[in-house]
file run_27.cif (mmCIF, C-alpha atoms and all ligand atoms)
data_upload
loop_
_atom_site.label_atom_id
_atom_site.label_comp_id
_atom_site.auth_asym_id
_atom_site.auth_seq_id
_atom_site.Cartn_x
_atom_site.Cartn_y
_atom_site.Cartn_z
CA MET K 1 -29.95 0.91 36.64
CA THR K 2 -28.28 -0.04 39.92
CA LEU K 3 -24.54 -0.74 39.93
CA ASP K 4 -24.08 -1.38 43.63
CA ARG K 5 -22.62 -4.88 43.36
CA SER K 6 -20.30 -3.96 40.46
CA ALA K 7 -19.13 -0.92 42.40
CA ALA K 8 -18.53 -2.97 45.56
CA LEU K 9 -16.70 -5.67 43.64
CA PHE K 10 -14.59 -3.06 41.85
CA GLU K 11 -13.68 -1.59 45.25
CA ARG K 12 -12.66 -5.04 46.53
CA ALA K 13 -10.85 -5.91 43.30
CA GLN K 14 -8.65 -2.82 43.41
CA ARG K 15 -7.28 -3.93 46.76
CA VAL K 16 -5.80 -7.10 45.29
CA ILE K 17 -5.62 -6.69 41.49
CA PRO K 18 -3.76 -3.84 39.71
CA GLY K 19 -6.49 -1.41 38.66
CA GLY K 20 -9.04 -4.01 39.75
CA VAL K 21 -8.85 -5.82 36.43
CA ASN K 22 -6.87 -8.54 34.74
CA SER K 23 -6.65 -6.63 31.48
CA PRO K 24 -6.48 -2.82 31.43
CA VAL K 25 -9.27 -2.04 28.95
CA ARG K 26 -11.81 -3.63 31.31
CA ALA K 27 -11.26 -0.83 33.87
CA PHE K 28 -13.34 1.69 31.86
CA ARG K 29 -10.58 4.28 32.39
CA SER K 30 -10.83 5.69 28.90
CA VAL K 31 -14.63 6.05 29.08
CA GLY K 32 -15.06 6.60 32.83
CA GLY K 33 -17.70 5.14 35.10
CA THR K 34 -18.06 1.82 36.93
CA PRO K 35 -16.81 -1.27 35.15
CA ARG K 36 -19.53 -3.89 34.89
CA PHE K 37 -18.72 -7.16 36.65
CA ILE K 38 -20.39 -9.87 34.60
CA ALA K 39 -22.32 -12.69 36.26
CA SER K 40 -23.33 -14.66 33.17
CA ALA K 41 -23.94 -14.50 29.44
CA LYS K 42 -26.04 -16.35 26.86
CA GLY K 43 -26.32 -15.78 23.14
CA SER K 44 -26.11 -12.07 22.37
CA ARG K 45 -26.69 -11.01 25.98
CA ILE K 46 -24.51 -10.49 29.03
CA THR K 47 -25.86 -9.93 32.55
CA ASP K 48 -23.92 -8.02 35.20
CA VAL K 49 -23.84 -8.81 38.93
CA ASP K 50 -26.63 -6.28 39.55
CA GLY K 51 -28.91 -8.11 37.14
CA ASN K 52 -28.62 -5.55 34.33
CA GLU K 53 -28.75 -7.19 30.90
CA TYR K 54 -26.98 -5.86 27.82
CA ILE K 55 -26.89 -6.70 24.13
CA ASP K 56 -23.18 -7.45 23.88
CA TYR K 57 -20.92 -6.26 21.05
CA VAL K 58 -17.62 -6.85 22.88
CA GLY K 59 -17.96 -10.62 22.52
CA SER K 60 -14.96 -11.14 24.80
CA TRP K 61 -12.94 -9.05 22.26
CA GLY K 62 -13.67 -11.44 19.41
CA PRO K 63 -13.92 -15.10 20.48
CA MET K 64 -17.71 -15.20 20.90
CA ILE K 65 -18.63 -15.22 17.19
CA LEU K 66 -21.39 -17.76 17.95
CA GLY K 67 -22.60 -15.76 20.93
CA HIS K 68 -22.08 -16.68 24.55
CA ALA K 69 -22.49 -20.21 25.97
CA ASP K 70 -23.32 -21.73 22.60
CA GLU K 71 -24.73 -25.19 23.43
CA ARG K 72 -22.43 -26.93 20.95
CA VAL K 73 -19.34 -25.31 22.45
CA VAL K 74 -20.44 -25.91 26.04
CA ALA K 75 -21.12 -29.58 25.33
CA ALA K 76 -17.76 -30.08 23.61
CA ALA K 77 -15.80 -28.38 26.40
CA ALA K 78 -17.69 -30.27 29.11
CA GLU K 79 -17.11 -33.59 27.37
CA ALA K 80 -13.38 -32.84 27.04
CA LEU K 81 -13.18 -31.78 30.67
CA ARG K 82 -14.66 -35.10 31.81
CA ARG K 83 -11.82 -36.91 30.04
CA GLY K 84 -9.22 -34.80 31.85
CA SER K 85 -8.36 -31.12 31.53
CA SER K 86 -4.68 -31.32 30.64
CA PHE K 87 -2.08 -34.02 30.05
CA GLY K 88 1.10 -32.28 28.95
CA ALA K 89 1.19 -34.86 26.19
CA PRO K 90 -0.04 -34.80 22.58
CA THR K 91 -3.71 -35.52 21.86
CA GLU K 92 -5.75 -36.23 18.74
CA LEU K 93 -7.65 -32.99 19.34
CA GLU K 94 -4.50 -30.95 18.65
CA VAL K 95 -3.97 -32.85 15.40
CA ARG K 96 -7.55 -32.15 14.35
CA MET K 97 -7.21 -28.46 15.20
CA ALA K 98 -3.95 -28.16 13.26
CA GLU K 99 -5.49 -29.99 10.28
CA ARG K 100 -8.50 -27.65 10.35
CA VAL K 101 -6.36 -24.52 10.51
CA VAL K 102 -4.14 -25.74 7.68
CA GLU K 103 -7.23 -26.58 5.62
CA CYS K 104 -8.71 -23.09 6.12
CA PHE K 105 -5.44 -21.19 5.66
CA PRO K 106 -3.66 -22.53 2.53
CA SER K 107 -0.55 -20.45 3.34
CA LEU K 108 -0.05 -22.52 6.51
CA GLU K 109 1.81 -25.80 6.17
CA LEU K 110 2.76 -26.22 9.83
CA VAL K 111 1.04 -24.67 12.87
CA ARG K 112 1.87 -24.62 16.57
CA MET K 113 -0.72 -24.01 19.31
CA VAL K 114 0.08 -21.67 22.20
CA ASN K 115 -2.01 -20.04 24.95
CA SER K 116 -2.62 -16.46 23.82
CA GLY K 117 -2.36 -14.14 20.87
CA THR K 118 0.57 -12.44 22.58
CA GLU K 119 2.42 -15.74 22.72
CA ALA K 120 1.54 -16.48 19.11
CA VAL K 121 2.94 -13.21 17.79
CA MET K 122 5.99 -13.31 20.06
CA SER K 123 6.77 -16.80 18.76
CA ALA K 124 6.14 -15.91 15.12
CA VAL K 125 8.53 -12.98 15.38
CA ARG K 126 11.15 -15.24 16.97
CA VAL K 127 10.91 -17.86 14.24
CA ALA K 128 11.06 -15.15 11.55
CA ARG K 129 14.28 -13.87 13.13
CA ALA K 130 15.65 -17.41 13.36
CA TYR K 131 14.77 -18.07 9.71
CA THR K 132 16.23 -14.85 8.30
CA GLY K 133 19.09 -14.35 10.76
CA ARG K 134 17.96 -10.74 10.98
CA ASP K 135 16.90 -8.76 14.08
CA ARG K 136 14.64 -5.89 13.03
CA ILE K 137 10.90 -5.99 12.51
CA ILE K 138 8.51 -3.50 10.96
CA LYS K 139 5.16 -3.00 12.67
CA PHE K 140 2.51 -0.33 12.12
CA ASP K 141 1.53 2.61 14.29
CA GLY K 142 -1.76 1.78 16.01
CA CYS K 143 -1.55 -1.97 15.54
CA TRP K 144 -1.61 -4.13 18.66
CA HIS K 145 -0.04 -7.55 18.73
CA GLY K 146 -0.28 -8.35 22.44
CA HIS K 147 2.23 -7.30 25.06
CA ALA K 148 5.54 -8.95 24.14
CA ASP K 149 8.35 -6.50 24.91
CA GLY K 150 9.48 -5.62 21.42
CA LEU K 151 5.94 -5.06 20.15
CA LEU K 152 4.99 -2.39 22.70
CA VAL K 153 6.16 0.30 20.33
CA LYS K 154 3.50 2.65 18.96
CA ALA K 155 1.07 -0.03 20.03
CA GLY K 156 -2.67 0.26 19.53
CA SER K 157 -5.46 -0.93 21.84
CA THR K 158 -4.25 -0.65 25.45
CA GLY K 159 -1.20 1.31 24.31
CA LEU K 160 -3.33 3.92 22.53
CA GLN K 161 -6.22 4.19 24.97
CA TYR K 162 -3.94 4.77 27.95
CA GLY K 163 -1.51 6.96 26.07
CA VAL K 164 1.43 4.57 26.51
CA PRO K 165 2.05 3.23 23.00
CA ASP K 166 5.67 2.80 24.08
CA SER K 167 5.46 0.87 27.36
CA ALA K 168 7.63 1.46 30.40
CA GLY K 169 9.78 -1.52 31.35
CA VAL K 170 10.90 -2.33 27.82
CA PRO K 171 14.69 -1.94 27.42
CA ALA K 172 15.67 0.40 24.59
CA ALA K 173 17.72 -2.46 23.20
CA TYR K 174 14.51 -4.45 22.61
CA ALA K 175 12.39 -1.60 21.30
CA GLY K 176 15.27 -0.47 19.12
CA HIS K 177 14.79 -3.45 16.85
CA THR K 178 11.20 -2.43 16.15
CA LEU K 179 10.63 -0.04 13.27
CA VAL K 180 7.26 1.67 12.87
CA ALA K 181 5.51 2.32 9.58
CA ARG K 182 2.20 4.03 8.84
CA TYR K 183 -0.81 1.80 8.21
CA ASN K 184 -2.06 1.88 4.62
CA ASP K 185 1.20 3.47 3.47
CA VAL K 186 3.45 1.02 1.60
CA ASP K 187 5.95 3.78 0.84
CA SER K 188 6.63 4.15 4.58
CA VAL K 189 7.49 0.45 4.63
CA ARG K 190 9.74 0.69 1.58
CA ALA K 191 11.58 3.63 3.16
CA LEU K 192 12.29 1.59 6.31
CA LEU K 193 13.40 -1.40 4.24
CA ALA K 194 15.80 0.82 2.30
CA GLU K 195 17.20 2.40 5.47
CA ASN K 196 17.63 -1.04 7.05
CA GLU K 197 18.63 -3.03 4.00
CA GLY K 198 19.18 -6.70 4.76
CA GLN K 199 18.29 -6.20 8.45
CA VAL K 200 14.50 -6.60 8.53
CA ALA K 201 13.37 -10.06 9.60
CA ALA K 202 9.62 -9.47 9.33
CA ILE K 203 6.85 -7.11 8.33
CA LEU K 204 4.15 -7.63 10.95
CA VAL K 205 0.65 -6.33 10.26
CA GLU K 206 -2.97 -6.70 11.26
CA PRO K 207 -4.37 -7.26 7.74
CA VAL K 208 -7.52 -5.54 8.95
CA ALA K 209 -6.58 -3.33 11.86
CA GLY K 210 -8.82 -3.83 14.87
CA ASN K 211 -6.84 -2.03 17.56
CA MET K 212 -6.98 1.57 16.43
CA GLY K 213 -10.62 0.90 15.94
CA VAL K 214 -11.38 -1.01 12.75
CA VAL K 215 -9.30 0.25 9.82
CA PRO K 216 -9.58 -1.76 6.59
CA PRO K 217 -6.54 -2.19 4.33
CA ALA K 218 -6.58 0.36 1.50
CA GLU K 219 -6.72 -0.96 -2.06
CA GLY K 220 -3.33 -2.49 -2.84
CA PHE K 221 -1.92 -2.13 0.68
CA LEU K 222 -1.64 -5.83 1.49
CA GLN K 223 -0.47 -6.63 -2.05
CA GLY K 224 2.18 -3.91 -1.63
CA LEU K 225 3.39 -5.48 1.62
CA ARG K 226 3.56 -8.88 -0.07
CA LYS K 227 5.74 -7.43 -2.85
CA ALA K 228 7.96 -5.49 -0.44
CA ALA K 229 8.48 -8.62 1.68
CA ASP K 230 9.39 -10.70 -1.38
CA GLU K 231 11.83 -8.10 -2.67
CA SER K 232 13.53 -7.57 0.72
CA GLY K 233 13.59 -11.15 1.99
CA ALA K 234 11.55 -10.13 5.04
CA VAL K 235 8.93 -12.59 6.33
CA LEU K 236 5.36 -11.27 5.97
CA ILE K 237 3.45 -11.98 9.19
CA PHE K 238 -0.32 -11.48 9.19
CA ASP K 239 -1.58 -11.11 12.74
CA GLU K 240 -5.03 -12.67 12.28
CA VAL K 241 -5.75 -13.08 15.99
CA ILE K 242 -8.92 -11.03 15.43
CA THR K 243 -9.60 -11.56 11.71
CA GLY K 244 -8.91 -15.31 11.60
CA PHE K 245 -12.29 -17.08 11.23
CA ARG K 246 -13.92 -13.70 11.98
CA ILE K 247 -14.17 -12.04 8.55
CA ALA K 248 -14.02 -15.33 6.63
CA LEU K 249 -13.22 -18.93 7.42
CA GLY K 250 -9.77 -18.24 5.96
CA GLY K 251 -9.52 -14.79 7.51
CA ALA K 252 -8.11 -11.79 5.70
CA GLN K 253 -6.00 -14.00 3.46
CA GLU K 254 -9.17 -15.48 2.00
CA LEU K 255 -10.98 -12.15 1.82
CA TYR K 256 -8.17 -10.21 0.15
CA GLY K 257 -6.35 -13.04 -1.62
CA VAL K 258 -2.91 -12.15 -0.24
CA PRO K 259 -1.00 -15.04 1.38
CA ALA K 260 1.24 -14.44 4.39
CA ASP K 261 4.46 -16.30 5.15
CA LEU K 262 3.47 -16.64 8.82
CA THR K 263 0.05 -16.19 10.38
CA THR K 264 -0.96 -15.76 13.99
CA LEU K 265 -4.36 -16.79 15.31
CA GLY K 266 -6.22 -16.76 18.62
CA LYS K 267 -9.60 -15.84 20.13
CA ILE K 268 -12.17 -17.72 17.98
CA ILE K 269 -10.08 -20.91 17.68
CA GLY K 270 -10.34 -21.39 21.45
CA GLY K 271 -14.10 -20.91 21.66
CA GLY K 272 -13.59 -18.65 24.68
CA PHE K 273 -10.75 -20.63 26.27
CA PRO K 274 -7.13 -19.42 26.41
CA VAL K 275 -5.56 -20.04 23.01
CA GLY K 276 -3.21 -18.81 20.34
CA ALA K 277 -1.55 -20.32 17.30
CA TYR K 278 1.17 -19.45 14.82
CA GLY K 279 2.04 -21.16 11.58
CA GLY K 280 3.15 -20.81 8.02
CA LYS K 281 5.58 -22.13 5.45
CA ARG K 282 7.22 -25.41 6.38
CA GLU K 283 10.71 -24.07 5.64
CA ILE K 284 10.16 -21.30 8.21
CA MET K 285 8.30 -23.29 10.86
CA GLU K 286 10.92 -26.04 10.79
CA ARG K 287 13.19 -23.60 12.62
CA ILE K 288 11.09 -24.12 15.74
CA SER K 289 12.05 -26.69 18.38
CA PRO K 290 12.16 -29.62 18.47
CA LEU K 291 13.05 -29.48 14.75
CA GLY K 292 15.17 -26.36 14.78
CA PRO K 293 17.13 -23.95 16.96
CA ALA K 294 14.35 -21.47 17.82
CA VAL K 295 12.93 -22.40 21.21
CA GLN K 296 9.25 -22.13 22.11
CA ALA K 297 7.24 -24.18 24.61
CA GLY K 298 4.10 -24.10 26.76
CA THR K 299 2.57 -26.15 29.57
CA LEU K 300 -1.01 -25.81 28.38
CA SER K 301 -0.40 -25.39 24.66
CA GLY K 302 -3.03 -27.31 22.67
CA ASN K 303 -5.06 -27.85 25.83
CA PRO K 304 -7.79 -30.43 25.15
CA VAL K 305 -10.62 -28.32 26.58
CA ALA K 306 -9.65 -25.29 24.49
CA MET K 307 -9.17 -27.49 21.43
CA SER K 308 -12.60 -29.06 21.88
CA ALA K 309 -14.32 -25.71 22.33
CA GLY K 310 -12.38 -24.33 19.38
CA LEU K 311 -13.18 -27.24 17.10
CA ALA K 312 -16.88 -27.05 17.98
CA THR K 313 -16.75 -23.36 17.10
CA LEU K 314 -15.00 -23.96 13.78
CA ASP K 315 -17.45 -26.77 12.96
CA ALA K 316 -20.33 -24.37 13.49
CA LEU K 317 -18.62 -21.67 11.42
CA SER K 318 -18.32 -24.09 8.49
CA GLU K 319 -22.09 -23.99 8.00
CA PRO K 320 -22.78 -22.85 4.40
CA GLY K 321 -24.00 -19.25 4.21
CA LEU K 322 -22.99 -18.38 7.75
CA TYR K 323 -20.57 -15.59 6.83
CA GLU K 324 -22.98 -14.14 4.29
CA ALA K 325 -25.68 -13.98 6.97
CA LEU K 326 -23.24 -12.43 9.44
CA GLU K 327 -22.24 -9.87 6.80
CA ALA K 328 -25.88 -8.94 6.21
CA LYS K 329 -26.52 -8.47 9.93
CA ALA K 330 -23.44 -6.32 10.45
CA ALA K 331 -24.18 -4.24 7.36
CA ALA K 332 -27.73 -3.62 8.55
CA LEU K 333 -26.50 -2.56 11.98
CA ALA K 334 -23.87 -0.22 10.55
CA GLU K 335 -26.42 1.26 8.15
CA GLY K 336 -29.00 1.78 10.87
CA ILE K 337 -26.56 3.44 13.25
CA GLY K 338 -25.20 5.60 10.44
CA GLN K 339 -28.69 6.78 9.57
CA ALA K 340 -29.45 7.48 13.24
CA ALA K 341 -26.30 9.58 13.55
CA GLN K 342 -27.16 11.49 10.39
CA ALA K 343 -30.71 12.14 11.62
CA ALA K 344 -29.27 13.56 14.85
CA GLY K 345 -26.71 15.65 12.97
CA VAL K 346 -23.82 13.72 14.55
CA ALA K 347 -20.64 13.27 12.47
CA LEU K 348 -19.84 9.54 12.46
CA THR K 349 -17.46 7.55 10.29
CA CYS K 350 -18.15 3.82 10.46
CA ASN K 351 -15.38 1.43 9.37
CA ARG K 352 -16.54 -2.14 8.94
CA VAL K 353 -15.15 -5.41 7.58
CA GLY K 354 -17.55 -8.31 7.91
CA SER K 355 -18.82 -8.50 11.49
CA MET K 356 -16.18 -6.23 13.03
CA MET K 357 -16.76 -2.49 13.03
CA THR K 358 -16.03 0.82 14.75
CA GLY K 359 -17.90 4.12 14.74
CA PHE K 360 -15.51 7.09 14.93
CA PHE K 361 -16.89 10.48 15.93
CA THR K 362 -15.50 12.45 13.03
CA ASP K 363 -16.69 13.57 9.61
CA ARG K 364 -13.40 12.48 8.02
CA PRO K 365 -12.02 9.10 6.98
CA VAL K 366 -9.99 7.04 9.46
CA ALA K 367 -7.27 5.16 7.57
CA ASN K 368 -4.37 5.13 10.04
CA ALA K 369 -3.47 5.96 13.66
CA ASP K 370 -2.79 9.63 12.84
CA ASP K 371 -6.44 10.02 11.82
CA LEU K 372 -7.51 9.26 15.38
CA ALA K 373 -6.36 12.77 16.28
CA HIS K 374 -9.50 14.20 14.66
CA CYS K 375 -11.86 11.74 16.33
CA ASP K 376 -13.89 12.98 19.32
CA LYS K 377 -12.98 10.55 22.09
CA GLU K 378 -15.07 12.31 24.71
CA ARG K 379 -18.10 11.99 22.47
CA TYR K 380 -17.37 8.27 22.12
CA ALA K 381 -17.30 7.97 25.93
CA ARG K 382 -20.71 9.71 26.19
CA PHE K 383 -22.13 7.52 23.44
CA PHE K 384 -20.72 4.42 25.13
CA HIS K 385 -22.51 5.25 28.38
CA GLY K 386 -25.63 6.37 26.57
CA LEU K 387 -25.87 2.94 25.01
CA LEU K 388 -24.81 1.11 28.18
CA ASN K 389 -27.58 2.82 30.12
CA ARG K 390 -29.98 1.68 27.40
CA GLY K 391 -28.86 -1.97 27.62
CA VAL K 392 -26.27 -2.09 24.84
CA ALA K 393 -22.58 -2.84 25.54
CA LEU K 394 -19.92 -1.51 23.17
CA ALA K 395 -16.15 -1.68 23.80
CA PRO K 396 -15.19 0.64 26.69
CA SER K 397 -12.64 2.31 24.41
CA TYR K 398 -12.81 4.36 21.18
CA CYS K 399 -10.00 2.36 19.58
CA GLU K 400 -11.47 -1.12 19.73
CA ALA K 401 -13.89 -3.09 17.55
CA ALA K 402 -17.53 -3.99 17.98
CA PHE K 403 -18.37 -7.56 17.01
CA VAL K 404 -21.65 -8.97 15.71
CA SER K 405 -22.25 -12.67 16.40
CA THR K 406 -24.50 -15.25 14.79
CA ALA K 407 -26.56 -15.05 18.00
CA HIS K 408 -27.52 -11.39 17.44
CA SER K 409 -31.15 -11.42 16.29
CA ASP K 410 -32.84 -8.87 14.05
CA ALA K 411 -34.66 -7.72 17.20
CA ASP K 412 -31.30 -7.17 18.91
CA LEU K 413 -30.10 -5.07 15.97
CA GLU K 414 -33.34 -3.06 15.91
CA ALA K 415 -33.11 -2.46 19.67
CA THR K 416 -29.49 -1.35 19.26
CA ILE K 417 -30.37 1.12 16.50
CA THR K 418 -33.25 2.48 18.58
CA ALA K 419 -30.93 2.91 21.56
CA ALA K 420 -28.35 4.64 19.35
CA ARG K 421 -31.00 6.97 17.90
CA SER K 422 -31.89 8.06 21.41
CA ALA K 423 -28.29 8.24 22.66
CA PHE K 424 -27.21 10.40 19.69
CA THR K 425 -29.69 13.09 20.78
CA GLU K 426 -27.88 13.41 24.12
CA LEU K 427 -24.32 13.79 22.84
P1 LIG T 1 -4.07 -11.94 23.63
O1 LIG T 1 -2.67 -12.09 24.20
O2 LIG T 1 -4.88 -10.86 24.32
O3 LIG T 1 -4.82 -13.28 23.55
O4 LIG T 1 -3.91 -11.51 22.11
C1 LIG T 1 -3.13 -10.40 21.80
C2 LIG T 1 -3.56 -9.84 20.45
C3 LIG T 1 -2.77 -10.09 19.34
N1 LIG T 1 -3.10 -9.62 18.12
C4 LIG T 1 -4.24 -8.89 17.95
C5 LIG T 1 -4.57 -8.39 16.57
C6 LIG T 1 -5.08 -8.62 19.04
O5 LIG T 1 -6.20 -7.88 18.86
C7 LIG T 1 -4.75 -9.10 20.32
C8 LIG T 1 -5.59 -8.83 21.55
N2 LIG T 1 -6.75 -8.02 21.36
C9 LIG T 1 -7.16 -7.24 22.51
C10 LIG T 1 -8.32 -6.32 22.10
N3 LIG T 1 -8.02 -5.47 21.05
C11 LIG T 1 -7.53 -8.11 23.66
C12 LIG T 1 -8.32 -7.42 24.75
C13 LIG T 1 -7.46 -7.06 25.93
O6 LIG T 1 -6.27 -6.73 25.75
O7 LIG T 1 -8.01 -7.14 27.05
#
call {"tool": "encode", "arguments": {"input": "run_27.cif", "output": "structure tokens", "more": "lines below"}}
Ligand code: KE4
result
Amino acid sequence: MTLDRSAALFERAQRVIPGGVNSPVRAFRSVGGTPRFIASAKGSRITDVDGNEYIDYVGSWGPMILGHADERVVAAAAEALRRGSSFGAPTELEVRMAERVVECFPSLELVRMVNSGTEAVMSAVRVARAYTGRDRIIKFDGCWHGHADGLLVKAGSTGLQYGVPDSAGVPAAYAGHTLVARYNDVDSVRALLAENEGQVAAILVEPVAGNMGVVPPAEGFLQGLRKAADESGAVLIFDEVITGFRIALGGAQELYGVPADLTTLGKIIGGGFPVGAYGGKREIMERISPLGPAVQAGTLSGNPVAMSAGLATLDALSEPGLYEALEAKAAALAEGIGQAAQAAGVALTCNRVGSMMTGFFTDRPVANADDLAHCDKERYARFFHGLLNRGVALAPSYCEAAFVSTAHSDADLEATITAARSAFTEL
């Protein structure tokens, strides 16, 4: 496998882009080696600039649930583009997107489009503070909600993998309003609520964590957060940027039957274009301008091309039986990789919810960020490269998710399991 062009591009990139990448995880720093510069992608496959092809389980970190360059999405985006890429004025497409989101998420009465998941969560936190008149928020160790200042506290994903869960450049005054609880531990939330009585504006959670690797909610965890929020007057915010339309059409709220007060979305609803959204109860969302005093705005919010690509994606996801088929594929993959690890005598814990999953190199459960301490990160890095060299692309970080798309064929899954079987023998 030659990597000459990726290596040369990475060299060039580092002269003009911090770390040579526009998002840190892409730099391969936590797994080592040469980041692959991608030339194109189609279906379940991506091809790098040296012509190497990979079965892709990064899926652009979640958006590509239909696989890459899905014809329906390409056609919709191209058609929108021909009518003009951006107007800075309302369009019917935004109304249709909002209606679809509200239809799929019964807890949402009003929804606002923005341009990233970061912007969605930042805005949701602001409106929760405006609604409650309170300043503090509770987040969970290992959860990532994008890079808004106050959320870079014990942050997962980029925070975890680069050992900076508390980012430089964030004034203590901002971070000081952020309280950190332990995932899957409602008592840790109740303790913070008691210590900060009447001061907590929101409990913010990934209802299925995807940024400390995949960590499902323990039995009763989400229900416990719902009860704690109701009793304390805090707004319950489900960050469904990953899980929204990923694990069910109605996300984690559909799967677990626990409604949030505010929900954030992103990734899939843009079909691969920049997007985010936040929404929830009318009485809360009416605090946002132009109705209320909480300000939020965006030049490209509700962009017609992103809306078209997103709507085409959501149309395709509404196909009866689609999520059941996706579940079966992901379950088969997880089962096959688990068996391959066992056959090679490799300790592997696989956490999976629907078509998002993570294999942790440990023989113990992984139920919160503390549990990552007993996971072998170096082994993950070796496994990552073992698969990459065999034409399979996982996330270049132990604390991210792998995503199965509707475009992954049974042959792709078989090839992946075969590659894993071989890679496990070299760990
Ligand atoms: P963006 O600002 O990257 O669109 O979304 C931020 C965000 C918010 N909430 C959750 C639950 C998220 O997972 C994310 C972003 N996810 C990461 C991967 N874990 C994006 C990849 C990256 O940072 O390059």
call {"tool": "residues_near_ligand", "arguments": {"input": "run_27.cif", "ligand": "ligand LIG 1 (chain T)", "cutoff": "6 Å", "atoms": "all atoms listed in the file", "output": "PyMOL selection string"}}
result
chain K and resi 23+25+61+116-118+144-146+157+206+211+239+241-242+400
call {"tool": "closest_atom_pairs", "arguments": {"input": "run_27.cif", "of": "region 126-223 of chain K", "to": "region 330-353 of chain K", "cutoff": "12 Å", "atoms": "all atoms listed in the file", "output": "tab-separated table"}}
result
residue	atom	partner	partner_atom	distance
K:Pro207	CA	K:Val353	CA	10.9
K:Val208	CA	K:Val353	CA	7.8
K:Ala209	CA	K:Val353	CA	9.8
K:Gly210	CA	K:Val353	CA	9.8
K:Met212	CA	K:Asn351	CA	11.0
K:Gly213	CA	K:Asn351	CA	8.1
K:Val214	CA	K:Asn351	CA	5.8
K:Val215	CA	K:Asn351	CA	6.2
K:Pro216	CA	K:Val353	CA	6.7
K:Pro217	CA	K:Val353	CA	9.8
K:Ala218	CA	K:Asn351	CA	11.9
call {"tool": "residues_around", "arguments": {"input": "run_27.cif", "residues": "region 193-201 of chain K", "least_positions_apart": "4", "cutoff": "12 Å", "atoms": "only C-alpha atoms", "output": "PyMOL selection string"}}
result
chain K and resi 124-139+177-181+186-189+225+228-237+261-262+284
call {"tool": "atom_distance", "arguments": {"input": "run_27.cif", "atom1": "CA of Gly271 (chain K)", "atom2": "CA of Val73 (chain K)"}}
result
6.9 Å
call {"tool": "closest_residue", "arguments": {"input": "run_27.cif", "among": "K:Leu160, K:Cys143, K:Val114, K:Met122", "to": "Pro24 (chain K)", "atoms": "all atoms listed in the file"}}
result
K:Leu160
call {"tool": "residues_around", "arguments": {"input": "run_27.cif", "residues": "Ala297 (chain K)", "least_positions_apart": "5", "cutoff": "12 Å", "atoms": "all atoms listed in the file", "output": "list of chain:residue names"}}
result
K:Gly88, K:Arg112, K:Met113, K:Val114, K:Asn115, K:Glu119, K:Ala120, K:Met122, K:Ser123, K:Ile288, K:Ser289, K:Pro290, K:Gly302
call {"tool": "residues_around", "arguments": {"input": "run_27.cif", "residues": "region 243-259 of chain K", "least_positions_apart": "4", "cutoff": "9 Å", "atoms": "all atoms listed in the file", "output": "compact mmCIF listing (two decimals) with C-alpha atoms, in the frame of the given file"}}
result
# COMPACT_ATOMS: atom_id res chain seq x y z
CA GLY K 62 -13.67 -11.44 19.41
CA PRO K 63 -13.92 -15.10 20.48
CA ILE K 65 -18.63 -15.22 17.19
CA VAL K 101 -6.36 -24.52 10.51
CA GLU K 103 -7.23 -26.58 5.62
CA CYS K 104 -8.71 -23.09 6.12
CA PHE K 105 -5.44 -21.19 5.66
CA PRO K 106 -3.66 -22.53 2.53
CA SER K 107 -0.55 -20.45 3.34
CA GLU K 206 -2.97 -6.70 11.26
CA PRO K 207 -4.37 -7.26 7.74
CA VAL K 208 -7.52 -5.54 8.95
CA ALA K 209 -6.58 -3.33 11.86
CA GLY K 210 -8.82 -3.83 14.87
CA LEU K 222 -1.64 -5.83 1.49
CA GLN K 223 -0.47 -6.63 -2.05
CA ARG K 226 3.56 -8.88 -0.07
CA LEU K 236 5.36 -11.27 5.97
CA PHE K 238 -0.32 -11.48 9.19
CA ASP K 239 -1.58 -11.11 12.74
CA THR K 264 -0.96 -15.76 13.99
CA LEU K 265 -4.36 -16.79 15.31
CA GLY K 266 -6.22 -16.76 18.62
CA LYS K 267 -9.60 -15.84 20.13
CA ILE K 268 -12.17 -17.72 17.98
CA ILE K 269 -10.08 -20.91 17.68
CA LEU K 314 -15.00 -23.96 13.78
CA LEU K 317 -18.62 -21.67 11.42
CA SER K 318 -18.32 -24.09 8.49
CA TYR K 323 -20.57 -15.59 6.83
CA GLU K 327 -22.24 -9.87 6.80
CA VAL K 353 -15.15 -5.41 7.58
CA GLY K 354 -17.55 -8.31 7.91
CA SER K 355 -18.82 -8.50 11.49
CA MET K 356 -16.18 -6.23 13.03
call {"tool": "atom_distance", "arguments": {"input": "run_27.cif", "atom1": "CA of Ala76 (chain K)", "atom2": "CA of Ala89 (chain K)"}}
result
19.7 Å
call {"tool": "residues_around", "arguments": {"input": "run_27.cif", "residues": "Arg36 (chain K)", "least_positions_apart": "3", "cutoff": "9 Å", "atoms": "only C-alpha atoms", "output": "PyMOL selection string"}}
result
chain K and resi 3+6-7+10+26-28+48-50
call {"tool": "closest_residue", "arguments": {"input": "run_27.cif", "among": "K:Tyr57, K:Phe383, K:Phe140, K:Phe361", "to": "Gly156 (chain K)", "atoms": "all atoms listed in the file"}}
result
K:Phe140
call {"tool": "residues_around", "arguments": {"input": "run_27.cif", "residues": "Ser308 (chain K)", "least_positions_apart": "3", "cutoff": "9 Å", "atoms": "only C-alpha atoms", "output": "PyMOL selection string"}}
result
chain K and resi 73+76-80+93-94+97+270-271+303-305+311-313
call {"tool": "atom_distance", "arguments": {"input": "run_27.cif", "atom1": "CA of Gly51 (chain K)", "atom2": "CA of Met64 (chain K)"}}
result
21.0 Å
call {"tool": "closest_residue", "arguments": {"input": "run_27.cif", "among": "K:Pro171, K:Asp185, K:Glu11, K:Ser409", "to": "Ala148 (chain K)", "atoms": "only C-alpha atoms"}}
result
K:Pro171
